[in-house]
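Step one of this worksheet: look at the structure below.
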Amino acid sequence: MLKNWWYCAGWDHELSLGKDALLARRIAGESIVLYRKPNGGVVAMEDRCCHRQTALSCGRKEGDSLRCMYHGWKFGPDGRCIEIPGQERIPQEACVRSFPVVEKDNWIWVWMGDPIKADPALICFAVGPGDPAWNIKTSQLRVDANYRQEIANLSDLSHVAWVHDQTFGGTNAWSTVKSKHTLRPRGLDTETWLRGVPAVRFVQHLFPVGTLVDMCFDVQMTLPCNFIMHLKIFSAGSNTEGPSDGQLLLDTYSCQAITPRDEDSVDYYYSWGASRETDSPGMTDLLHEVIGVAFLEDKRILEAQHQRMKEKPDFRTIDYIHDAGPGKLLWLLDKFLKEEAAEQASVVEG
Amino acid sequence: MLKNWWYCAGWDHELSLGKDALLARRIAGESIVLYRKPNGGVVAMEDRCCHRQTALSCGRKEGDSLRCMYHGWKFGPDGRCIEIPGQERIPQEACVRSFPVVEKDNWIWVWMGDPIKADPALICFAVGPGDPAWNIKTSQLRVDANYRQEIANLSDLSHVAWVHDQTFGGTNAWSTVKSKHTLRPRGLDTETWLRGVPAVRFVQHLFPVGTLVDMCFDVQMTLPCNFIMHLKIFSAGSNTEGPSDGQLLLDTYSCQAITPRDEDSVDYYYSWGASRETDSPGMTDLLHEVIGVAFLEDKRILEAQHQRMKEKPDFRTIDYIHDAGPGKLLWLLDKFLKEEAAEQASVVEG
Amino acid sequence: MLKNWWYCAGWDHELSLGKDALLARRIAGESIVLYRKPNGGVVAMEDRCCHRQTALSCGRKEGDSLRCMYHGWKFGPDGRCIEIPGQERIPQEACVRSFPVVEKDNWIWVWMGDPIKADPALICFAVGPGDPAWNIKTSQLRVDANYRQEIANLSDLSHVAWVHDQTFGGTNAWSTVKSKHTLRPRGLDTETWLRGVPAVRFVQHLFPVGTLVDMCFDVQMTLPCNFIMHLKIFSAGSNTEGPSDGQLLLDTYSCQAITPRDEDSVDYYYSWGASRETDSPGMTDLLHEVIGVAFLEDKRILEAQHQRMKEKPDFRTIDYIHDAGPGKLLWLLDKFLKEEAAEQASVVEG
């Protein structure tokens, strides 16, 4: 998996100082423990004591530090061992790998590669639940599928018509619409306009029967697998290109960070909510509820797919028109994977 | 596993039109989805979309066809793709493997090999619950054992005395009786007479204490692993060979189709019931109840055996006299497996 | 794993004659069945019929013998087959491997190697619940960890201060104390004195606030992994070496036999109790309760450690001063493992 990238390790409120929380995560094949220092800063280190390998997440926070509760070795927030009970000398090599951490948009981001390259500017844009302009609720989910499947799922919204027929669906327009894909250096933007169509099913009851709308799904995906969607619903206007000239009925942001745990599972941290301007009582609860249902719809499909792919790893599949988005983004992923592999090889040779 | 053979995929009532049922099965290492067309016909195809491999059993029946509910590809009952939402061109190779299906004796049979060779005459004889001459009830069971163990178990009924001591047992005659084995082209017939013995334990309370009976177990086994037993109980007669000259007290059929899912588990579809002529109130319920208990007795023994075999795959076992039936049938199985392998090799070379 | 060694198979009361118990165990990678003969003697044999490998623990005790309940083969307590229903001839090789068994200190001990070498004198010293001088209660636990981890855990009690902070802990003295390790031919003795310290936490409420005590942890470990601890608590005396001159407040024995099932799990048979002389109402119940809690504390740490070790089998760990005990005992284990491997190789060559 990609190493020199930011991975989401969860929501900031999971690292509660009140609960003195230690968070154990599996990220890109590594076991990580996270905790919050008294000053609020977040520490991430390998969840493995350098003495006998037991999980530091079974340990105890002591101020800025973390003590392994097997034999009491204590590690500073940089991972360096600062106390070995019963022994004065602390070996130079007694340290646990630590990882750069940044909190942004109420997500905790961990850099899994070379710390020197950990540039916070590389973290994807998002709108967090703390943003005062939006009323956003959060949740999370485990899915037993490979993250490449998630990338493919999220970069082709035509699946909405089928997987989410009872939630986000409600129009056939998904099949024939042309999305506009724009490759970015580290991701893919996809803009999709559905015009003069019924609204997504779960809000249809809010409008008079037969109401048609214009909807804009403005999606920014960033590798490894982060999905930021700005969804706007307008009353149906007359424009067939460019912005809708209808009235803005509902303006929402859904931010989704999907973190590969290993080749067979991901942790999914997601949110949704309406802008303060277009919000109404119960609206964000409705969004929160329906996205929870919809992600179980995805989970069922993706886990079945994952099983089938493991049964026949060499099965030859057939592509079609809507695979353009997934194709571009997986191509970009593979490009970066190859670059990192080449870099790694040159380091080893050097 | 054998490919050019019929495998039982379940009871016909499982494919209810009322429930709009899709059935997902694992048969001989393949994932299969089954559904019933509006005209009642049954379709079986690989449970894997040719686009992105997700399970078609998560899909939706539409008339005769099946739609994958990931991206909406629609497949006719022959597996050929007939609609790709958003794309006019349907590639020639866009099809899912379909399997010949026959319904017979209320079982659904699927042919796992070359469709050209799918001759319904090869399906084993059975007496289904729909046969008006018999009052038969059905059930099913998963057993975590290899199907070769099931073949060996069912082709040597001497195990009845021990495994089923509290159900089908009740006499020591099993140990010393000589069964008559007759190899058929695709299976083995075994006829066993127990004469002047106590009845099988679960019906002993129906007769006066000390009643002796003649019992005939007439078994037809057909590969891969189907077991049809005609059990007749007579009052004890004077004949020591050939048919009993006692009075026919109970005449029953038990039909059992055991389908290997993979090397480690089977699905077991079974039935039992009395002839209308010898039935009495509650009799078929009694048979249905006792066979359910007895198959849990088998399940316990076979699953323990399976574990032990996996622990020591090279353990050298010791044969004895009652292994004749299992020996013949497993020999036949191996012969067909070798033939299919040779055929496959010649196809590959050719 | 070591073969020419005694392994504990459980508590004697588990082989109840009243319940006609058959015990299935996994010991050092072998499946074993144990039962008690009418005269009270215990039989251990491989839990695998030599006919078709099914588990003899699904079988039936018949006097001194054990009958396989698949096809009725009957085995004497020496493992030799003595009856094959339906066949007069009993092949010479029809026998199940049997294992020497000794009951000692209410534990059942099984010798997993060459029976000729099975010397009962090699069984470790212990104080059983049947010893009239002590009031001892027993229990057991499964831990999903490798037995080498258990050896390391038990031969370095400094972990008590951290893992068992809320139970056996209560003093920092563990970190700096010097234990006296004495290697024995088949194990390691460790004597640890803590002087002028608070008592172990779970009995602190029994004494006036601020009470200091002298405590002696006298531990005998014997390979593969047996742990016998004599713990004495005295009022704090003035001696800084040798026996305490304080008053003996509590005198206890805890005996623990840890049996490797396979590379990934152990069965833990343990006891604790006070001497009749220092016992008081509820004291042994207190010991029994707290050791149950403490062993769940160990289980959590060891199972997390086991997971981490499997994730990175080649991870380089760092040793420290308290690894002396584990180092000595694991060195001894490896010495014996090498000796047995060499012996085995010479037998094969010879």
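Residues in the structure tokens are numbered from 1 in each chain, the chains being A, B, ... in the order shown, and ligands are numbered from 1 in the order shown.
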task = Do me a favour and pick out the residues of chain A within 12 Å of chain C, using only C-alpha atoms, as a PyMOL selection string.
result = chain A and resi 24+26+29-32+46-60+67-74+81+83-96+262
DSSP-assigned alpha helix (DSSP H) among range 126-184 of chain C, expressed as a count of residues only = 16
message = Please list as a PyMOL selection string every residue within 7 Å of range 120-131 of chain C, counting only C-alpha atoms and excluding residues in the same chain fewer than 2 positions away.
response = chain C and resi 6+102+105-106+118+133-137+222+228+253+255
Range 334-342 of chain A surroundings by only C-alpha atoms, 12 Å radius, close-in-sequence under 2 positions cut, as number ranges by chain = A: 1-5, 113-114, 148, 185-187, 223-224, 326-332, 344-350
Gly210 in chain A surroundings by only C-alpha atoms, 10 Å radius, close-in-sequence under 6 positions cut, as an NGL selection string = :A and (197-199 or 204)
ask   = Any idea what's packed within 10 Å of Glu103 in chain B, counting only C-alpha atoms, ignoring anything in its chain fewer than 2 positions away? Could you give it as a ChimeraX atom specification?
value = /B:8-12,41-42,101,105-110,120,123
query = How would you write, as number ranges by chain, the set of residues in range 19-264 of chain C that DSSP gives as strand (DSSP E or B)?
reply = C: 22-27, 30-36, 42-46, 60-62, 65-67, 74-75, 80-84, 87, 95, 98-99, 101-104, 107-111, 134-143, 180-184, 187-197, 213-222, 226-235, 248-262
query = Separation of CA of Asp189 in chain B and CA of Ser271 in chain B, in Å?
reply = 19.0 Å
query = Which residue out of C:Val209, C:Leu34, C:Val43, C:Ala145 has the minimum interatomic distance to Ser265 in chain C when only C-alpha atoms are used?
reply =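 Checking each candidate against Ser265 in chain C, we get C:Ala145 as the closest.
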Atomic separation - CA of Arg195 in chain B relative to CA of Gly237 in chain B, Å =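 Separation of CA of Gly237 in chain B and CA of Arg195 in chain B: 7.8 Å.
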